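Structure file start-v8.cif with mmCIF, C-alpha atoms:
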data_run
#
loop_
_atom_site.label_atom_id
_atom_site.label_comp_id
_atom_site.auth_asym_id
_atom_site.auth_seq_id
_atom_site.Cartn_x
_atom_site.Cartn_y
_atom_site.Cartn_z
CA SER M 1 70.54 18.63 17.91
CA GLN M 2 68.04 16.26 16.34
CA THR M 3 64.39 16.21 17.34
CA ILE M 4 61.39 14.16 16.28
CA HIS M 5 57.80 15.35 16.42
CA GLN M 6 54.62 13.32 16.23
CA TRP M 7 51.08 14.59 16.19
CA PRO M 8 48.45 14.43 17.37
CA ALA M 9 49.23 13.06 20.83
CA THR M 10 45.79 11.47 21.14
CA LEU M 11 43.09 10.73 18.60
CA VAL M 12 39.62 9.22 18.83
CA GLN M 13 38.14 8.10 15.54
CA PRO M 14 35.00 6.19 14.51
CA VAL M 15 35.26 2.85 12.72
CA GLY M 16 35.44 3.37 8.96
CA SER M 17 36.93 6.85 9.11
CA PRO M 18 40.25 7.78 7.47
CA LEU M 19 43.51 8.33 9.34
CA SER M 20 46.59 10.46 8.89
CA LEU M 21 49.38 10.55 11.47
CA GLU M 22 52.42 12.70 10.81
CA CYS M 23 56.01 12.47 11.96
CA THR M 24 58.79 14.93 11.21
CA VAL M 25 62.47 14.91 12.10
CA GLU M 26 64.67 17.98 12.46
CA GLY M 27 68.42 18.40 12.61
CA THR M 28 69.47 15.51 10.39
CA SER M 29 69.28 14.53 6.74
CA ASN M 30 68.44 11.25 5.00
CA PRO M 31 67.36 9.44 8.18
CA ASN M 32 65.92 5.96 8.24
CA LEU M 33 62.31 6.29 9.43
CA TYR M 34 60.08 3.76 11.17
CA TRP M 35 56.45 3.35 12.25
CA TYR M 36 55.65 1.01 15.14
CA ARG M 37 52.45 0.00 16.89
CA GLN M 38 52.46 -0.91 20.56
CA ALA M 39 49.49 -2.78 22.01
CA ALA M 40 48.66 -2.72 25.73
CA GLY M 41 51.96 -1.12 26.73
CA ARG M 42 54.05 -4.12 25.76
CA GLY M 43 55.87 -5.29 22.66
CA LEU M 44 56.54 -3.18 19.62
CA GLN M 45 55.40 -4.24 16.18
CA LEU M 46 57.29 -2.69 13.27
CA LEU M 47 54.76 -1.61 10.66
CA PHE M 48 56.79 0.26 8.03
CA TYR M 49 60.29 1.56 7.46
CA SER M 50 61.83 3.86 4.92
CA VAL M 51 65.45 4.41 3.87
CA GLY M 52 64.70 7.31 1.53
CA ILE M 53 62.07 9.54 -0.08
CA GLY M 54 59.34 7.44 -1.66
CA GLN M 55 60.90 4.17 -0.44
CA ILE M 56 58.54 2.30 1.87
CA SER M 57 58.85 -1.26 3.13
CA SER M 58 55.91 -2.93 4.81
CA GLU M 59 56.57 -5.45 7.53
CA VAL M 60 53.08 -6.87 7.99
CA PRO M 61 49.97 -6.93 5.80
CA GLN M 62 47.34 -4.65 7.25
CA ASN M 63 44.85 -1.90 6.84
CA LEU M 64 47.50 0.84 7.00
CA SER M 65 49.86 2.48 4.54
CA ALA M 66 52.84 4.82 4.85
CA SER M 67 54.35 7.53 2.71
CA ARG M 68 57.49 9.63 2.77
CA PRO M 69 56.85 12.69 0.64
CA GLN M 70 59.88 14.58 1.97
CA ASP M 71 63.23 13.54 3.40
CA ARG M 72 62.24 14.14 7.02
CA GLN M 73 58.49 13.53 6.89
CA PHE M 74 56.80 10.18 7.42
CA ILE M 75 53.04 9.73 7.28
CA LEU M 76 50.90 6.81 8.42
CA SER M 77 47.49 6.55 6.77
CA SER M 78 44.38 4.49 6.48
CA LYS M 79 41.36 4.84 4.22
CA LYS M 80 38.99 3.05 6.63
CA LEU M 81 39.90 2.37 10.24
CA LEU M 82 39.08 -0.93 11.95
CA LEU M 83 38.59 -1.53 15.67
CA SER M 84 41.81 -3.54 15.62
CA ASP M 85 43.76 -0.43 14.55
CA SER M 86 43.55 0.94 18.09
CA GLY M 87 46.91 1.29 19.81
CA PHE M 88 49.88 3.46 20.56
CA TYR M 89 51.71 4.47 17.38
CA LEU M 90 55.36 5.40 17.57
CA CYS M 91 57.57 7.00 14.96
CA ALA M 92 61.36 6.66 15.13
CA TRP M 93 64.43 7.69 13.16
CA SER M 94 68.01 6.49 12.94
CA ALA M 95 71.12 7.59 11.08
CA GLY M 96 71.75 5.59 7.96
CA GLN M 97 74.61 3.33 8.96
CA GLY M 98 72.47 0.71 10.66
CA ILE M 99 74.40 0.43 13.92
CA GLN M 100 73.09 3.69 15.30
CA PRO M 101 70.24 3.68 17.84
CA GLN M 102 66.72 4.59 16.90
CA HIS M 103 65.23 7.70 18.48
CA PHE M 104 61.53 7.78 19.18
CA GLY M 105 58.80 10.38 19.19
CA ASP M 106 56.28 10.57 22.02
CA GLY M 107 53.65 8.63 20.16
CA THR M 108 49.98 8.93 19.22
CA ARG M 109 47.34 7.14 21.28
CA LEU M 110 44.66 6.07 18.77
CA SER M 111 41.28 4.89 19.99
CA ILE M 112 38.71 3.55 17.54
CA LEU M 113 35.06 3.67 18.58
CA ALA E 1 67.23 -15.00 12.18
CA GLN E 2 67.96 -12.39 14.82
CA SER E 3 65.95 -12.57 18.03
CA VAL E 4 66.02 -11.28 21.57
CA ALA E 5 64.34 -12.57 24.71
CA GLN E 6 63.52 -10.90 28.01
CA PRO E 7 62.62 -13.80 30.31
CA GLU E 8 61.00 -11.70 33.06
CA ASP E 9 57.73 -9.81 32.61
CA GLN E 10 58.36 -7.90 35.83
CA VAL E 11 61.25 -7.25 38.19
CA ASN E 12 60.69 -5.88 41.70
CA VAL E 13 63.47 -4.30 43.74
CA ALA E 14 63.70 -2.10 46.79
CA GLU E 15 65.03 1.43 46.43
CA GLY E 16 68.79 1.50 47.02
CA ASN E 17 69.29 -2.15 46.05
CA PRO E 18 71.07 -3.21 42.87
CA LEU E 19 68.88 -4.12 39.91
CA THR E 20 69.31 -6.46 36.96
CA VAL E 21 67.01 -6.75 33.95
CA LYS E 22 67.84 -9.79 31.83
CA CYS E 23 68.20 -10.09 28.08
CA THR E 24 69.46 -12.91 25.88
CA TYR E 25 69.96 -12.76 22.14
CA SER E 26 70.42 -14.91 19.07
CA VAL E 27 72.19 -13.50 16.03
CA SER E 28 74.15 -14.57 13.01
CA GLY E 29 77.29 -12.48 12.90
CA ASN E 30 78.32 -9.73 15.30
CA PRO E 31 75.65 -8.65 17.77
CA TYR E 32 74.70 -4.99 17.98
CA LEU E 33 72.63 -4.60 21.15
CA PHE E 34 70.57 -1.79 22.65
CA TRP E 35 68.59 -0.98 25.79
CA TYR E 36 65.65 1.41 25.91
CA VAL E 37 63.37 2.68 28.67
CA GLN E 38 59.73 3.72 28.29
CA TYR E 39 57.73 5.76 30.77
CA PRO E 40 53.90 5.70 30.62
CA ASN E 41 52.45 7.32 27.51
CA ARG E 42 55.88 8.28 26.21
CA GLY E 43 58.17 7.08 23.46
CA LEU E 44 61.18 4.87 24.06
CA GLN E 45 64.35 6.54 25.30
CA PHE E 46 67.75 5.16 24.31
CA LEU E 47 69.88 4.11 27.31
CA LEU E 48 72.97 2.42 25.89
CA LYS E 49 74.36 0.24 23.13
CA TYR E 50 77.00 -2.42 22.59
CA ILE E 51 78.75 -2.46 19.24
CA THR E 52 82.24 -3.70 20.04
CA GLY E 53 84.95 -3.27 22.67
CA ASP E 54 84.55 -3.40 26.44
CA ASN E 55 82.01 -5.89 27.69
CA LEU E 56 80.74 -3.41 30.29
CA VAL E 57 78.87 -0.56 28.63
CA LYS E 58 77.89 2.56 30.54
CA GLY E 59 74.81 4.53 29.62
CA SER E 60 72.39 7.20 30.74
CA TYR E 61 70.95 7.68 34.26
CA GLY E 62 73.60 5.46 35.90
CA PHE E 63 72.65 2.33 33.96
CA GLU E 64 75.18 -0.10 32.56
CA ALA E 65 74.98 -3.38 30.70
CA GLU E 66 77.24 -6.39 30.61
CA PHE E 67 77.80 -8.15 27.30
CA ASN E 68 78.57 -11.87 27.68
CA LYS E 69 79.31 -13.59 24.39
CA SER E 70 79.50 -17.14 25.76
CA GLN E 71 76.10 -16.81 27.44
CA THR E 72 74.67 -14.65 24.61
CA SER E 73 73.39 -12.21 27.21
CA PHE E 74 73.24 -8.45 27.60
CA HIS E 75 71.82 -7.78 31.07
CA LEU E 76 71.00 -4.25 32.19
CA LYS E 77 72.26 -3.28 35.64
CA LYS E 78 72.28 -0.41 38.08
CA PRO E 79 74.11 -0.45 41.43
CA SER E 80 71.43 1.44 43.36
CA ALA E 81 67.82 1.61 42.14
CA LEU E 82 65.65 4.71 42.40
CA VAL E 83 61.85 4.83 42.58
CA SER E 84 62.02 6.98 39.44
CA ASP E 85 63.64 4.05 37.58
CA SER E 86 60.24 2.32 37.60
CA ALA E 87 59.34 1.91 33.92
CA LEU E 88 59.19 -0.54 31.02
CA TYR E 89 62.58 -1.66 29.68
CA PHE E 90 63.27 -3.05 26.24
CA CYS E 91 66.29 -4.91 24.93
CA ALA E 92 66.87 -4.86 21.17
CA VAL E 93 69.24 -6.36 18.61
CA ARG E 94 69.98 -4.97 15.18
CA GLY E 95 68.29 -6.86 12.40
CA SER E 96 70.06 -8.16 9.33
CA GLY E 97 70.84 -5.82 6.45
CA ASN E 98 71.66 -2.13 6.65
CA THR E 99 68.22 -0.63 7.23
CA GLY E 100 68.74 0.09 10.92
CA LYS E 101 65.82 -2.18 11.84
CA LEU E 102 65.79 -3.35 15.43
CA ILE E 103 64.32 -6.54 16.84
CA PHE E 104 62.81 -5.76 20.25
CA GLY E 105 62.17 -8.01 23.20
CA GLN E 106 58.74 -8.07 24.79
CA GLY E 107 59.77 -5.72 27.56
CA THR E 108 60.29 -6.02 31.31
CA THR E 109 58.45 -3.85 33.81
CA LEU E 110 60.73 -2.64 36.57
CA GLN E 111 59.04 -1.74 39.84
CA VAL E 112 61.21 -0.02 42.44
CA LYS E 113 59.55 0.25 45.85
CA PRO E 114 60.51 2.83 48.47
#

For this file, write the structure as structure tokens.
Amino acid sequence: SQTIHQWPATLVQPVGSPLSLECTVEGTSNPNLYWYRQAAGRGLQLLFYSVGIGQISSEVPQNLSASRPQDRQFILSSKKLLLSDSGFYLCAWSAGQGIQPQHFGDGTRLSIL
Amino acid sequence: AQSVAQPEDQVNVAEGNPLTVKCTYSVSGNPYLFWYVQYPNRGLQFLLKYITGDNLVKGSYGFEAEFNKSQTSFHLKKPSALVSDSALYFCAVRGSGNTGKLIFGQGTTLQVKP
């Protein structure tokens, strides 16, 4: 069966520090991959999605970037964190056909001090 | 453009009573609709989807959803609520293109009281 892993579960970082969050999927190949941010336990904001290795689409301009160095690995990065980057970051995957559901990891709670 | 609306921020029901969480959508073309549940500090869990076929879709944990094309609605239902159903519920519609992107509603908090 397919599984998705995100780490770390929680992270506290100072303003101006770099960031790297990792997401890996097991049990499937060529998944679509997604990064979301959720503020205050409410709506989801899609940050990036990827339909293949090295293919990244950004949904909103921001201080973050994403990379997909391997088929089932998706990384969210920042060179210098801002206070506004605080939030709950969720990674998800879906099969490639577009009518399949997305499946989510358990998220990373990021606090910026 | 595709969009989805959840008109209620919170729904309160007593344990054992039926529950309904509302969702309306706007799409060009065929609607592909999804419901998810989120417990505190966890990711979203897929409950059910409507792609085509029967208007009543059955999903996980006893939930079902009724697709109504004329009212452009996809309400989530359960005949008898449990306290453990208390969580945040999201309705979603597939975005345009073939990327698998979903457009999520703002979420509805379901509170089931004993």

For this session: Report the distance between atom CA of E:Lys69 and atom CA of E:Ala5 in Å, rounded to one decimal place.
Result: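 Computing the Euclidean distance for atom CA of E:Lys69 and atom CA of E:Ala5 yields 15.0 Å.
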
Answer key for the PyMOL selection byres ((chain M) within 6 of (chain E)), residues as an mmCIF file with C-alpha atoms, keeping the file's coordinate frame:
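This is the output file result_31.cif:
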data_model
loop_
_atom_site.group_PDB
_atom_site.id
_atom_site.type_symbol
_atom_site.label_atom_id
_atom_site.label_comp_id
_atom_site.auth_asym_id
_atom_site.auth_seq_id
_atom_site.Cartn_x
_atom_site.Cartn_y
_atom_site.Cartn_z
ATOM 1 C CA GLY M 43 55.870 -5.290 22.660
ATOM 2 C CA GLY M 98 72.470 0.710 10.660
ATOM 3 C CA PHE M 104 61.530 7.780 19.180
ATOM 4 C CA GLY M 105 58.800 10.380 19.190
ATOM 5 C CA ASP M 106 56.280 10.570 22.020
ATOM 6 C CA GLY M 107 53.650 8.630 20.160
#

Exercise. Counting only C-alpha atoms, what is within 7 Å of E:Leu56, bar same-chain residues fewer than 2 positions away, as an NGL selection string?
Worked result: :E and (54 or 58 or 64-67)

Residues from the last selection, C-alpha atoms, saved as a PDB file, in the frame of the given file:
ATOM      1  CA  ASP E  54      84.550  -3.400  26.440  1.00  0.00           C
ATOM      2  CA  LYS E  58      77.890   2.560  30.540  1.00  0.00           C
ATOM      3  CA  GLU E  64      75.180  -0.100  32.560  1.00  0.00           C
ATOM      4  CA  ALA E  65      74.980  -3.380  30.700  1.00  0.00           C
ATOM      5  CA  GLU E  66      77.240  -6.390  30.610  1.00  0.00           C
ATOM      6  CA  PHE E  67      77.800  -8.150  27.300  1.00  0.00           C
TER       7      PHE E  67
END

Problem set entry | Selection under test: the PyMOL selection byres ((chain M and resi 109) around 10); residues as a VMD selection string | (chain M and resid 7 to 12 37 to 38 86 to 90 106 to 108 110 to 111) or (chain E and resid 41 to 42)

For this session: For the point (73.6, 3.9, 7.6) in the file's frame, write as a list in words all residues with an atom no more than 10 Å away, counting all atoms listed in the file.
Result: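 Within 10 Å of (73.6, 3.9, 7.6), the protein and nucleic acid residues are Asn30, Pro31, Asn32, Val51, Ser94, Ala95, Gly96, Gln97, Gly98, Ile99 and Gln100 of chain M; Asn98, Thr99 and Gly100 of chain E.
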
Decode the PyMOL selection byres ((chain M and resi 70) around 10) for the given file into explicit residues and return them as a short mmCIF file (atom, residue, chain, number, x, y, z; two decimals) with C-alpha atoms, in the frame of the given file.
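Once written, out.cif looks like this:
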data_model
loop_
_atom_site.label_atom_id
_atom_site.label_comp_id
_atom_site.auth_asym_id
_atom_site.auth_seq_id
_atom_site.Cartn_x
_atom_site.Cartn_y
_atom_site.Cartn_z
CA THR M 24 58.79 14.93 11.21
CA ASN M 30 68.44 11.25 5.00
CA GLY M 52 64.70 7.31 1.53
CA ILE M 53 62.07 9.54 -0.08
CA GLY M 54 59.34 7.44 -1.66
CA SER M 67 54.35 7.53 2.71
CA ARG M 68 57.49 9.63 2.77
CA PRO M 69 56.85 12.69 0.64
CA ASP M 71 63.23 13.54 3.40
CA ARG M 72 62.24 14.14 7.02
CA GLN M 73 58.49 13.53 6.89
CA PHE M 74 56.80 10.18 7.42
CA ILE M 75 53.04 9.73 7.28
#

Pick out the residues sitting within 10 Å of M:Ser57, and hand them over as a compact mmCIF listing (two decimals) with C-alpha atoms, in the coordinates of the input; count all atoms listed in the file, and ignore anything fewer than 2 positions along from it in its own chain.
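selection.txt was written with the following content:
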# COMPACT_ATOMS: atom_id res chain seq x y z
CA TYR M 34 60.08 3.76 11.17
CA LEU M 47 54.76 -1.61 10.66
CA PHE M 48 56.79 0.26 8.03
CA TYR M 49 60.29 1.56 7.46
CA SER M 50 61.83 3.86 4.92
CA VAL M 51 65.45 4.41 3.87
CA GLY M 54 59.34 7.44 -1.66
CA GLN M 55 60.90 4.17 -0.44
CA GLU M 59 56.57 -5.45 7.53
CA VAL M 60 53.08 -6.87 7.99
CA SER M 65 49.86 2.48 4.54
CA ALA M 66 52.84 4.82 4.85
CA SER M 67 54.35 7.53 2.71

Exercise. Which of these, E:Leu76, E:Gln71, E:Asn30, E:Thr52, has the shortest distance to E:Gln6 once you count all atoms listed in the file?
Worked result: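 Among the listed residues, the smallest separation from E:Gln6 belongs to E:Leu76.
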
Problem set entry | Spatial neighbours of E:Leu82, 12 Å, all atoms listed in the file, chain gap at least 5 places, as JSON, numbers by chain | {"E": [12, 13, 14, 15, 16, 17, 18, 19, 61, 62, 63, 87, 110, 111, 112, 113, 114]}

Problem set entry | Pairwise distance for atom CA of M:Ile56 and atom CA of M:Cys91, rounded to one decimal in Å |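 Result for atom CA of M:Ile56 versus atom CA of M:Cys91: 13.9 Å, one decimal.
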
Exercise. If you measure from atom CA of M:Leu44 to atom CA of E:Ser84, what distance in Å do you get, rounded to one decimal?
Worked result: 22.9 Å

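Counting all atoms listed in the file, the residue from M:Asn63, M:Gln6, M:Ser84, M:Ser58 that sits nearest to M:Leu21 is M:Gln6.
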
Coordinate excerpt as a PDB file, in the first residue's frame: chain E, C-alpha atoms:
ATOM      1  CA  ALA E   1     -13.176  28.988 -12.673  1.00  0.00           C
ATOM      2  CA  GLN E   2     -13.802  26.110 -10.306  1.00  0.00           C
ATOM      3  CA  SER E   3     -14.859  26.979  -6.769  1.00  0.00           C
ATOM      4  CA  VAL E   4     -16.424  25.388  -3.732  1.00  0.00           C
ATOM      5  CA  ALA E   5     -18.227  26.933  -0.776  1.00  0.00           C
ATOM      6  CA  GLN E   6     -18.959  25.629   2.703  1.00  0.00           C
ATOM      7  CA  PRO E   7     -21.524  28.070   4.081  1.00  0.00           C
ATOM      8  CA  GLU E   8     -21.243  27.009   7.742  1.00  0.00           C
ATOM      9  CA  ASP E   9     -18.145  27.614   9.856  1.00  0.00           C
ATOM     10  CA  GLN E  10     -19.468  25.251  12.515  1.00  0.00           C
ATOM     11  CA  VAL E  11     -22.168  22.606  12.834  1.00  0.00           C
ATOM     12  CA  ASN E  12     -23.336  21.350  16.230  1.00  0.00           C
ATOM     13  CA  VAL E  13     -25.264  18.103  16.650  1.00  0.00           C
ATOM     14  CA  ALA E  14     -26.102  15.780  19.503  1.00  0.00           C
ATOM     15  CA  GLU E  15     -24.643  12.288  19.531  1.00  0.00           C
ATOM     16  CA  GLY E  16     -27.007   9.842  17.823  1.00  0.00           C
ATOM     17  CA  ASN E  17     -28.677  12.513  15.691  1.00  0.00           C
ATOM     18  CA  PRO E  18     -28.209  12.742  11.932  1.00  0.00           C
ATOM     19  CA  LEU E  19     -25.654  15.246  10.684  1.00  0.00           C
ATOM     20  CA  THR E  20     -25.298  17.256   7.487  1.00  0.00           C
ATOM     21  CA  VAL E  21     -22.310  19.358   6.444  1.00  0.00           C
ATOM     22  CA  LYS E  22     -23.096  21.525   3.440  1.00  0.00           C
ATOM     23  CA  CYS E  23     -21.075  22.119   0.300  1.00  0.00           C
ATOM     24  CA  THR E  24     -21.919  23.877  -2.960  1.00  0.00           C
ATOM     25  CA  TYR E  25     -19.729  24.034  -6.034  1.00  0.00           C
ATOM     26  CA  SER E  26     -19.217  25.896  -9.279  1.00  0.00           C
ATOM     27  CA  VAL E  27     -17.470  24.190 -12.172  1.00  0.00           C
ATOM     28  CA  SER E  28     -17.202  24.289 -15.914  1.00  0.00           C
ATOM     29  CA  GLY E  29     -17.671  20.764 -17.175  1.00  0.00           C
ATOM     30  CA  ASN E  30     -18.224  17.630 -15.113  1.00  0.00           C
ATOM     31  CA  PRO E  31     -17.760  18.048 -11.370  1.00  0.00           C
ATOM     32  CA  TYR E  32     -15.352  15.756  -9.545  1.00  0.00           C
ATOM     33  CA  LEU E  33     -16.029  16.232  -5.836  1.00  0.00           C
ATOM     34  CA  PHE E  34     -14.318  15.075  -2.651  1.00  0.00           C
ATOM     35  CA  TRP E  35     -14.798  15.173   1.116  1.00  0.00           C
ATOM     36  CA  TYR E  36     -11.960  15.101   3.632  1.00  0.00           C
ATOM     37  CA  VAL E  37     -11.778  15.092   7.426  1.00  0.00           C
ATOM     38  CA  GLN E  38      -8.996  16.571   9.558  1.00  0.00           C
ATOM     39  CA  TYR E  39      -8.371  15.824  13.215  1.00  0.00           C
ATOM     40  CA  PRO E  40      -6.237  18.237  15.294  1.00  0.00           C
ATOM     41  CA  ASN E  41      -2.577  18.357  14.273  1.00  0.00           C
ATOM     42  CA  ARG E  42      -3.078  15.707  11.602  1.00  0.00           C
ATOM     43  CA  GLY E  43      -3.236  15.665   7.832  1.00  0.00           C
ATOM     44  CA  LEU E  44      -6.462  15.445   5.866  1.00  0.00           C
ATOM     45  CA  GLN E  45      -8.036  12.013   5.482  1.00  0.00           C
ATOM     46  CA  PHE E  46     -10.001  11.158   2.351  1.00  0.00           C
ATOM     47  CA  LEU E  47     -13.641  10.206   3.069  1.00  0.00           C
ATOM     48  CA  LEU E  48     -15.340   9.842  -0.301  1.00  0.00           C
ATOM     49  CA  LYS E  49     -15.552  11.111  -3.860  1.00  0.00           C
ATOM     50  CA  TYR E  50     -18.104  11.638  -6.605  1.00  0.00           C
ATOM     51  CA  ILE E  51     -16.942  11.123 -10.160  1.00  0.00           C
ATOM     52  CA  THR E  52     -20.019   9.823 -11.954  1.00  0.00           C
ATOM     53  CA  GLY E  53     -22.906   7.419 -11.395  1.00  0.00           C
ATOM     54  CA  ASP E  54     -25.163   7.181  -8.354  1.00  0.00           C
ATOM     55  CA  ASN E  55     -25.962  10.472  -6.694  1.00  0.00           C
ATOM     56  CA  LEU E  56     -25.555   8.930  -3.236  1.00  0.00           C
ATOM     57  CA  VAL E  57     -21.915   8.117  -2.550  1.00  0.00           C
ATOM     58  CA  LYS E  58     -20.876   6.004   0.419  1.00  0.00           C
ATOM     59  CA  GLY E  59     -17.534   6.500   2.107  1.00  0.00           C
ATOM     60  CA  SER E  60     -15.460   5.739   5.164  1.00  0.00           C
ATOM     61  CA  TYR E  61     -16.657   5.701   8.806  1.00  0.00           C
ATOM     62  CA  GLY E  62     -20.357   5.550   7.833  1.00  0.00           C
ATOM     63  CA  PHE E  63     -20.341   8.857   5.958  1.00  0.00           C
ATOM     64  CA  GLU E  64     -22.164   9.403   2.706  1.00  0.00           C
ATOM     65  CA  ALA E  65     -22.689  12.364   0.409  1.00  0.00           C
ATOM     66  CA  GLU E  66     -25.516  13.330  -1.876  1.00  0.00           C
ATOM     67  CA  PHE E  67     -24.696  14.864  -5.246  1.00  0.00           C
ATOM     68  CA  ASN E  68     -27.401  17.217  -6.540  1.00  0.00           C
ATOM     69  CA  LYS E  69     -26.666  18.603  -9.983  1.00  0.00           C
ATOM     70  CA  SER E  70     -29.601  21.029 -10.137  1.00  0.00           C
ATOM     71  CA  GLN E  71     -28.649  22.597  -6.805  1.00  0.00           C
ATOM     72  CA  THR E  72     -24.886  22.238  -7.453  1.00  0.00           C
ATOM     73  CA  SER E  73     -24.498  20.726  -4.006  1.00  0.00           C
ATOM     74  CA  PHE E  74     -22.583  17.845  -2.480  1.00  0.00           C
ATOM     75  CA  HIS E  75     -23.646  17.655   1.174  1.00  0.00           C
ATOM     76  CA  LEU E  76     -21.961  15.243   3.576  1.00  0.00           C
ATOM     77  CA  LYS E  77     -24.298  13.182   5.752  1.00  0.00           C
ATOM     78  CA  LYS E  78     -24.273  10.566   8.466  1.00  0.00           C
ATOM     79  CA  PRO E  79     -27.407   8.956   9.928  1.00  0.00           C
ATOM     80  CA  SER E  80     -26.142   8.843  13.516  1.00  0.00           C
ATOM     81  CA  ALA E  81     -23.329  11.104  14.731  1.00  0.00           C
ATOM     82  CA  LEU E  82     -20.600   9.984  17.121  1.00  0.00           C
ATOM     83  CA  VAL E  83     -18.598  12.193  19.488  1.00  0.00           C
ATOM     84  CA  SER E  84     -15.505  10.914  17.673  1.00  0.00           C
ATOM     85  CA  ASP E  85     -16.818  12.479  14.434  1.00  0.00           C
ATOM     86  CA  SER E  86     -15.959  15.899  15.885  1.00  0.00           C
ATOM     87  CA  ALA E  87     -13.367  17.333  13.497  1.00  0.00           C
ATOM     88  CA  LEU E  88     -12.796  19.783  10.644  1.00  0.00           C
ATOM     89  CA  TYR E  89     -14.396  18.781   7.328  1.00  0.00           C
ATOM     90  CA  PHE E  90     -13.352  19.967   3.895  1.00  0.00           C
ATOM     91  CA  CYS E  91     -15.180  19.761   0.601  1.00  0.00           C
ATOM     92  CA  ALA E  92     -13.084  19.950  -2.572  1.00  0.00           C
ATOM     93  CA  VAL E  93     -13.563  20.063  -6.330  1.00  0.00           C
ATOM     94  CA  ARG E  94     -11.018  19.062  -8.931  1.00  0.00           C
ATOM     95  CA  GLY E  95      -9.387  21.994 -10.647  1.00  0.00           C
ATOM     96  CA  SER E  96      -9.113  22.392 -14.385  1.00  0.00           C
ATOM     97  CA  GLY E  97      -6.412  20.549 -16.301  1.00  0.00           C
ATOM     98  CA  ASN E  98      -4.943  17.155 -15.505  1.00  0.00           C
ATOM     99  CA  THR E  99      -2.623  18.001 -12.614  1.00  0.00           C
ATOM    100  CA  GLY E 100      -4.842  16.560  -9.904  1.00  0.00           C
ATOM    101  CA  LYS E 101      -5.107  19.961  -8.215  1.00  0.00           C
ATOM    102  CA  LEU E 102      -8.021  20.332  -5.838  1.00  0.00           C
ATOM    103  CA  ILE E 103      -9.879  23.489  -4.887  1.00  0.00           C
ATOM    104  CA  PHE E 104     -10.798  23.278  -1.193  1.00  0.00           C
ATOM    105  CA  GLY E 105     -13.575  24.961   0.724  1.00  0.00           C
ATOM    106  CA  GLN E 106     -12.761  26.856   3.891  1.00  0.00           C
ATOM    107  CA  GLY E 107     -13.784  23.974   6.108  1.00  0.00           C
ATOM    108  CA  THR E 108     -16.603  23.310   8.560  1.00  0.00           C
ATOM    109  CA  THR E 109     -15.997  22.366  12.175  1.00  0.00           C
ATOM    110  CA  LEU E 110     -18.316  19.603  13.313  1.00  0.00           C
ATOM    111  CA  GLN E 111     -18.978  19.434  17.045  1.00  0.00           C
ATOM    112  CA  VAL E 112     -20.848  16.364  18.283  1.00  0.00           C
ATOM    113  CA  LYS E 113     -21.966  16.647  21.901  1.00  0.00           C
ATOM    114  CA  PRO E 114     -22.724  13.652  24.115  1.00  0.00           C
TER     115      PRO E 114
END
